[in-house]
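Here's the structure we're looking at; comments come further down.
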Amino acid sequence: MEPRVLIYNEAGEGNPLVLVPGGLTGWLSWIPHQERLSTNHRVVRVQPIHNELGSDGKPGDPGYTAEVERDSLLLTLDQMGVEAADFAGWSGGGRALIEFAVAYPDRVRSLTLVEPAAYWILEQLGEEDVAVEELNRFIHGLAGKDVTEDDLANFLVHAGFVEDFAQARLQPNWERWTSHRMALSWQDSVESSGRSLEDLSSITCPVLLVKGTVSVDWERRVVDVLGESLPNARVVELAGDHACHIQSIDRFLEELEAHLH
């Protein structure tokens, strides 16, 4: 699979702020943030290829790699005529932005990472976590497959959105999650970018790192390690879980605006 320009949506004027979503519902999750931020910024929501095709019901393509994901974002910036931008990414979007910032530091003015799914960081530290290992095996098993509703429920447990399998279908977002579940079959091929902890030192731009108060331990730990490893980083904790930037949107936007200024 070759990189290509992503689907994107713009609102507002000013310095560009690019919002990169997580691996399930895609750019829908950033709509309320874009609406409020666009009063002061040119806010761009992008839809990564795996979100676009997965939400259309297409199974994962093994040719979709971290490099394709990274360079598609680069092509999109070029298409928009944006030389450098501020970026915010959640979960898988945060992981993709770490890769992008290491490869193309001159295109990044600042980063905001909400619990980035950069599990490779813990692996390189030798911090084996049963929950992470179970999640990796689970995602690997979904690669290129038809993702069922039971698979989706199990993912929500692994990712810390719900405490147990029975709760998944009771969540108010269940119907929306269900319609995008095939995006999960694309995740295995982008989980590891081949980066090392030493590569993180090249990310010298200001970085805002966000974690939830009740997120699972390994999600919080990734944020903490990044806070210790990146030379210009600040960590904030918001009430909520893996979606704390949505659950505590007012506080998140306050911290983001302060970070951008």
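Each chain in the structure tokens gets a letter, A, B and so on, in the order shown; residues start at 1 in every chain, and ligands are counted from 1 in the order they appear.
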Cut-off 12 Å: closest stretch 73-145 of chain A/stretch 216-228 of chain A atom pairs per residue, using only C-alpha atoms, as a tab-separated table:
```
residue	atom	partner	partner_atom	distance
A:Trp90	CA	A:Glu219	CA	11.6
A:Ser91	CA	A:Glu219	CA	9.1
A:Gly92	CA	A:Glu219	CA	11.7
A:Gly94	CA	A:Val223	CA	10.6
A:Arg95	CA	A:Val222	CA	10.5
A:Ile98	CA	A:Leu226	CA	10.1
A:Thr112	CA	A:Val223	CA	11.2
A:Leu113	CA	A:Val223	CA	8.4
A:Val114	CA	A:Val223	CA	8.2
A:Glu115	CA	A:Glu219	CA	5.9
A:Pro116	CA	A:Val223	CA	7.3
A:Ala117	CA	A:Glu219	CA	7.4
A:Ala118	CA	A:Val222	CA	7.0
A:Tyr119	CA	A:Val222	CA	7.1
A:Trp120	CA	A:Val222	CA	9.2
A:Ile121	CA	A:Val222	CA	6.9
A:Leu122	CA	A:Val222	CA	6.8
A:Glu123	CA	A:Val222	CA	10.4
A:Gln124	CA	A:Val225	CA	11.3
A:Leu125	CA	A:Val225	CA	9.4
A:Glu127	CA	A:Trp218	CA	9.6
A:Glu128	CA	A:Trp218	CA	9.8
A:Asp129	CA	A:Trp218	CA	7.4
A:Val130	CA	A:Trp218	CA	9.7
A:Ala131	CA	A:Trp218	CA	7.8
A:Val132	CA	A:Trp218	CA	7.2
A:Glu133	CA	A:Trp218	CA	10.7
A:Leu135	CA	A:Trp218	CA	11.1
```
Deliver the residues from the most recent selection as a file, using N, CA, C and O atoms, as a tab-separated table (two decimals), in the first residue's frame.
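File written: result.tsv
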```
chain	number	residue	atom	x	y	z
A	90	TRP	N	-4.67	11.24	19.83
A	90	TRP	CA	-5.22	10.40	20.90
A	90	TRP	C	-4.94	8.94	20.59
A	90	TRP	O	-5.16	8.48	19.47
A	91	SER	N	-4.42	8.20	21.55
A	91	SER	CA	-4.25	6.76	21.46
A	91	SER	C	-3.40	6.39	20.24
A	91	SER	O	-2.25	6.78	20.15
A	92	GLY	N	-3.99	5.68	19.27
A	92	GLY	CA	-3.24	5.34	18.07
A	92	GLY	C	-2.76	6.56	17.32
A	92	GLY	O	-1.70	6.54	16.68
A	94	GLY	N	-1.80	9.31	18.75
A	94	GLY	CA	-0.63	9.76	19.47
A	94	GLY	C	0.60	8.96	19.11
A	94	GLY	O	1.70	9.50	18.94
A	95	ARG	N	0.42	7.66	18.98
A	95	ARG	CA	1.53	6.79	18.55
A	95	ARG	C	2.01	7.21	17.17
A	95	ARG	O	3.22	7.32	16.92
A	98	ILE	N	4.15	10.40	17.31
A	98	ILE	CA	5.52	10.19	17.79
A	98	ILE	C	6.40	9.79	16.61
A	98	ILE	O	7.50	10.33	16.41
A	112	THR	N	0.61	17.44	21.25
A	112	THR	CA	-0.23	17.10	22.40
A	112	THR	C	-0.61	15.64	22.24
A	112	THR	O	-1.21	15.26	21.21
A	113	LEU	N	-0.23	14.81	23.19
A	113	LEU	CA	-0.43	13.36	23.09
A	113	LEU	C	-1.31	12.89	24.25
A	113	LEU	O	-0.93	13.01	25.42
A	114	VAL	N	-2.48	12.37	23.91
A	114	VAL	CA	-3.40	11.84	24.91
A	114	VAL	C	-3.24	10.33	24.97
A	114	VAL	O	-3.64	9.62	24.04
A	115	GLU	N	-2.61	9.85	26.02
A	115	GLU	CA	-2.37	8.42	26.21
A	115	GLU	C	-2.02	7.71	24.90
A	115	GLU	O	-2.75	6.83	24.43
A	116	PRO	N	-0.90	8.11	24.30
A	116	PRO	CA	-0.52	7.49	23.02
A	116	PRO	C	-0.28	5.99	23.17
A	116	PRO	O	0.30	5.53	24.15
A	117	ALA	N	-0.74	5.25	22.17
A	117	ALA	CA	-0.64	3.78	22.20
A	117	ALA	C	0.74	3.31	21.75
A	117	ALA	O	0.85	2.43	20.90
A	118	ALA	N	1.78	3.89	22.32
A	118	ALA	CA	3.16	3.55	21.97
A	118	ALA	C	3.66	2.48	22.93
A	118	ALA	O	4.56	2.71	23.75
A	119	TYR	N	3.08	1.29	22.83
A	119	TYR	CA	3.38	0.21	23.78
A	119	TYR	C	4.83	-0.27	23.65
A	119	TYR	O	5.37	-0.83	24.59
A	120	TRP	N	5.44	0.00	22.50
A	120	TRP	CA	6.82	-0.42	22.29
A	120	TRP	C	7.76	0.23	23.31
A	120	TRP	O	8.83	-0.32	23.61
A	121	ILE	N	7.37	1.36	23.84
A	121	ILE	CA	8.21	2.04	24.83
A	121	ILE	C	8.39	1.17	26.07
A	121	ILE	O	9.50	1.01	26.59
A	122	LEU	N	7.31	0.58	26.55
A	122	LEU	CA	7.39	-0.27	27.73
A	122	LEU	C	8.16	-1.55	27.42
A	122	LEU	O	8.91	-2.05	28.26
A	123	GLU	N	7.98	-2.08	26.22
A	123	GLU	CA	8.70	-3.30	25.83
A	123	GLU	C	10.20	-3.05	25.84
A	123	GLU	O	10.98	-3.89	26.31
A	124	GLN	N	10.63	-1.89	25.34
A	124	GLN	CA	12.05	-1.60	25.30
A	124	GLN	C	12.64	-1.36	26.68
A	124	GLN	O	13.83	-1.55	26.91
A	125	LEU	N	11.81	-0.95	27.60
A	125	LEU	CA	12.27	-0.77	28.98
A	125	LEU	C	12.33	-2.10	29.73
A	125	LEU	O	12.82	-2.15	30.86
A	127	GLU	N	9.73	-3.67	30.71
A	127	GLU	CA	8.63	-3.66	31.67
A	127	GLU	C	7.49	-4.53	31.12
A	127	GLU	O	6.56	-4.04	30.48
A	128	GLU	N	7.60	-5.79	31.35
A	128	GLU	CA	6.57	-6.70	30.85
A	128	GLU	C	5.28	-6.49	31.65
A	128	GLU	O	5.29	-6.45	32.86
A	129	ASP	N	4.21	-6.36	30.92
A	129	ASP	CA	2.91	-6.14	31.52
A	129	ASP	C	1.94	-7.15	30.91
A	129	ASP	O	1.77	-7.19	29.69
A	130	VAL	N	1.34	-7.93	31.74
A	130	VAL	CA	0.43	-8.98	31.25
A	130	VAL	C	-0.69	-8.38	30.41
A	130	VAL	O	-1.07	-8.91	29.36
A	131	ALA	N	-1.21	-7.23	30.85
A	131	ALA	CA	-2.32	-6.60	30.12
A	131	ALA	C	-1.89	-6.18	28.72
A	131	ALA	O	-2.63	-6.35	27.75
A	132	VAL	N	-0.67	-5.62	28.61
A	132	VAL	CA	-0.17	-5.21	27.30
A	132	VAL	C	0.05	-6.42	26.41
A	132	VAL	O	-0.29	-6.40	25.22
A	133	GLU	N	0.63	-7.48	26.96
A	133	GLU	CA	0.87	-8.68	26.17
A	133	GLU	C	-0.45	-9.28	25.68
A	133	GLU	O	-0.54	-9.74	24.54
A	135	LEU	N	-3.25	-7.62	25.17
A	135	LEU	CA	-3.78	-6.72	24.13
A	135	LEU	C	-3.08	-6.95	22.80
A	135	LEU	O	-3.72	-7.03	21.76
```
Residue neighbourhood A:Leu152, 10 Å, only C-alpha atoms, exclusion window fewer than 5 positions, as a PyMOL selection string: chain A and resi 24+147+157-158+165+168-169+174+177-178+180-182+184
Can you tell me, as a ChimeraX atom specification, what residues are no more than 10 Å from A:Ala103 when counting only C-alpha atoms, ignoring any on the same chain fewer than 3 positions away? /A:67,70-71,97-100,106-107,199,202-203
Writing out the chosen residues with C-alpha atoms as a tab-separated table (two decimals), in the first residue's frame:
```
chain	number	residue	atom	x	y	z
A	67	GLU	CA	5.53	4.31	7.38
A	70	ARG	CA	3.34	8.58	8.69
A	71	ASP	CA	3.92	9.58	5.08
A	97	LEU	CA	2.50	11.42	15.85
A	98	ILE	CA	5.52	10.19	17.79
A	99	GLU	CA	6.68	8.42	14.62
A	100	PHE	CA	5.90	11.51	12.52
A	106	ASP	CA	10.80	20.41	11.09
A	107	ARG	CA	7.09	19.95	10.30
A	199	ASP	CA	14.92	8.28	19.01
A	202	SER	CA	15.01	14.07	18.71
A	203	ILE	CA	11.54	15.35	19.63
```
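Each of A:Arg251, A:Arg137, A:Arg45, A:Arg4 was compared to A:Ile31 using only C-alpha atoms, and A:Arg45 turns out to be the nearest.
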Per-residue DSSP, stretch 23-231 of chain A, filtered to strand (DSSP E or B), as number ranges by chain: A: 42-47, 85-90, 108-114, 207-212
Could you turn the residues from that selection into a file that holds N, CA and C atoms, as a PDB file, in the first residue's frame?
```pdb
ATOM      1  N   ARG A  42      -6.811  27.465  12.943  1.00  0.00           N
ATOM      2  CA  ARG A  42      -7.200  26.699  11.760  1.00  0.00           C
ATOM      3  C   ARG A  42      -7.096  25.219  12.167  1.00  0.00           C
ATOM      4  N   VAL A  43      -8.222  24.611  12.448  1.00  0.00           N
ATOM      5  CA  VAL A  43      -8.240  23.267  13.028  1.00  0.00           C
ATOM      6  C   VAL A  43      -8.582  22.250  11.940  1.00  0.00           C
ATOM      7  N   VAL A  44      -7.720  21.258  11.809  1.00  0.00           N
ATOM      8  CA  VAL A  44      -7.869  20.245  10.766  1.00  0.00           C
ATOM      9  C   VAL A  44      -8.036  18.877  11.415  1.00  0.00           C
ATOM     10  N   ARG A  45      -9.159  18.236  11.139  1.00  0.00           N
ATOM     11  CA  ARG A  45      -9.338  16.838  11.536  1.00  0.00           C
ATOM     12  C   ARG A  45      -8.944  15.953  10.353  1.00  0.00           C
ATOM     13  N   VAL A  46      -8.054  15.000  10.578  1.00  0.00           N
ATOM     14  CA  VAL A  46      -7.693  14.063   9.511  1.00  0.00           C
ATOM     15  C   VAL A  46      -8.284  12.694   9.810  1.00  0.00           C
ATOM     16  N   GLN A  47      -8.547  11.954   8.751  1.00  0.00           N
ATOM     17  CA  GLN A  47      -9.064  10.594   8.880  1.00  0.00           C
ATOM     18  C   GLN A  47      -8.008   9.629   8.333  1.00  0.00           C
ATOM     19  N   ALA A  85       2.999  22.592  11.708  1.00  0.00           N
ATOM     20  CA  ALA A  85       1.728  22.695  12.415  1.00  0.00           C
ATOM     21  C   ALA A  85       1.889  22.234  13.856  1.00  0.00           C
ATOM     22  N   ASP A  86       0.909  22.618  14.669  1.00  0.00           N
ATOM     23  CA  ASP A  86       0.725  22.005  15.979  1.00  0.00           C
ATOM     24  C   ASP A  86      -0.099  20.743  15.750  1.00  0.00           C
ATOM     25  N   PHE A  87       0.169  19.701  16.533  1.00  0.00           N
ATOM     26  CA  PHE A  87      -0.534  18.426  16.365  1.00  0.00           C
ATOM     27  C   PHE A  87      -1.058  17.933  17.709  1.00  0.00           C
ATOM     28  N   ALA A  88      -2.228  17.303  17.666  1.00  0.00           N
ATOM     29  CA  ALA A  88      -2.762  16.615  18.839  1.00  0.00           C
ATOM     30  C   ALA A  88      -3.228  15.237  18.396  1.00  0.00           C
ATOM     31  N   GLY A  89      -2.854  14.208  19.163  1.00  0.00           N
ATOM     32  CA  GLY A  89      -3.235  12.850  18.811  1.00  0.00           C
ATOM     33  C   GLY A  89      -3.678  12.063  20.026  1.00  0.00           C
ATOM     34  N   TRP A  90      -4.672  11.243  19.831  1.00  0.00           N
ATOM     35  CA  TRP A  90      -5.216  10.401  20.901  1.00  0.00           C
ATOM     36  C   TRP A  90      -4.937   8.942  20.586  1.00  0.00           C
ATOM     37  N   VAL A 108       6.811  19.955  12.730  1.00  0.00           N
ATOM     38  CA  VAL A 108       6.043  19.906  13.983  1.00  0.00           C
ATOM     39  C   VAL A 108       6.427  21.073  14.880  1.00  0.00           C
ATOM     40  N   ARG A 109       5.456  21.963  15.154  1.00  0.00           N
ATOM     41  CA  ARG A 109       5.704  23.059  16.102  1.00  0.00           C
ATOM     42  C   ARG A 109       5.510  22.606  17.537  1.00  0.00           C
ATOM     43  N   SER A 110       4.473  21.816  17.765  1.00  0.00           N
ATOM     44  CA  SER A 110       4.223  21.283  19.103  1.00  0.00           C
ATOM     45  C   SER A 110       3.412  20.005  18.988  1.00  0.00           C
ATOM     46  N   LEU A 111       3.442  19.217  20.053  1.00  0.00           N
ATOM     47  CA  LEU A 111       2.674  17.975  20.128  1.00  0.00           C
ATOM     48  C   LEU A 111       1.815  17.978  21.383  1.00  0.00           C
ATOM     49  N   THR A 112       0.609  17.435  21.251  1.00  0.00           N
ATOM     50  CA  THR A 112      -0.231  17.097  22.398  1.00  0.00           C
ATOM     51  C   THR A 112      -0.612  15.637  22.236  1.00  0.00           C
ATOM     52  N   LEU A 113      -0.231  14.805  23.195  1.00  0.00           N
ATOM     53  CA  LEU A 113      -0.435  13.362  23.094  1.00  0.00           C
ATOM     54  C   LEU A 113      -1.306  12.888  24.246  1.00  0.00           C
ATOM     55  N   VAL A 114      -2.478  12.369  23.907  1.00  0.00           N
ATOM     56  CA  VAL A 114      -3.403  11.843  24.914  1.00  0.00           C
ATOM     57  C   VAL A 114      -3.245  10.329  24.965  1.00  0.00           C
ATOM     58  N   VAL A 207       5.886  19.520  24.221  1.00  0.00           N
ATOM     59  CA  VAL A 207       4.978  18.380  24.205  1.00  0.00           C
ATOM     60  C   VAL A 207       4.095  18.416  25.447  1.00  0.00           C
ATOM     61  N   LEU A 208       2.785  18.378  25.240  1.00  0.00           N
ATOM     62  CA  LEU A 208       1.819  18.237  26.320  1.00  0.00           C
ATOM     63  C   LEU A 208       1.364  16.786  26.358  1.00  0.00           C
ATOM     64  N   LEU A 209       1.554  16.120  27.485  1.00  0.00           N
ATOM     65  CA  LEU A 209       1.175  14.721  27.653  1.00  0.00           C
ATOM     66  C   LEU A 209      -0.012  14.642  28.607  1.00  0.00           C
ATOM     67  N   VAL A 210      -1.023  13.858  28.214  1.00  0.00           N
ATOM     68  CA  VAL A 210      -2.273  13.805  28.965  1.00  0.00           C
ATOM     69  C   VAL A 210      -2.593  12.369  29.341  1.00  0.00           C
ATOM     70  N   LYS A 211      -2.973  12.169  30.622  1.00  0.00           N
ATOM     71  CA  LYS A 211      -3.398  10.846  31.088  1.00  0.00           C
ATOM     72  C   LYS A 211      -4.642  10.991  31.954  1.00  0.00           C
ATOM     73  N   GLY A 212      -5.436   9.925  32.020  1.00  0.00           N
ATOM     74  CA  GLY A 212      -6.653   9.930  32.812  1.00  0.00           C
ATOM     75  C   GLY A 212      -6.415   9.424  34.226  1.00  0.00           C
TER      76      GLY A 212
END
```
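Between A:Ile139 and the residues A:Glu257, A:Asp78, A:Asp188, A:Glu52, the shortest atom-to-atom distance, using only C-alpha atoms, involves A:Asp188.
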Write out as a count of residues only the residues lying within 6 Å of A:Pro59, counting only C-alpha atoms and excluding same-chain residues fewer than 2 positions away. 3
Interatomic distance (Å, one decimal) between atom CA of A:Arg195 and atom CA of A:Tyr64: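 Answer for the atom CA of A:Arg195 to atom CA of A:Tyr64 separation: 17.1 Å.
If you measure from each of A:Gly26, A:Asp151, A:Asp164, A:Ala143 to A:Asn51 using only C-alpha atoms, the closest one turns out to be A:Gly26.
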What is the distance between atom CA of A:Gly194 and atom CA of A:Ala66, in Å to one decimal? 9.1 Å
Correct to one decimal, the distance atom CA of A:Ser29-atom CA of A:Ile246 is 8.0 Å
List every residue of stretch 27-238 of chain A that DSSP, applied to the backbone of this structure, places in alpha helix (DSSP H), and write the result as a PyMOL selection string. chain A and resi 31-37+49-55+66-80+92-103+120-124+130-142+149-158+165-168+174-179+217-229
Counting only C-alpha atoms, which residue out of A:Val20, A:Leu74, A:Ala11, A:Ile49 sits closest to A:Leu37?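 Closest to A:Leu37 of all the choices is A:Ala11.
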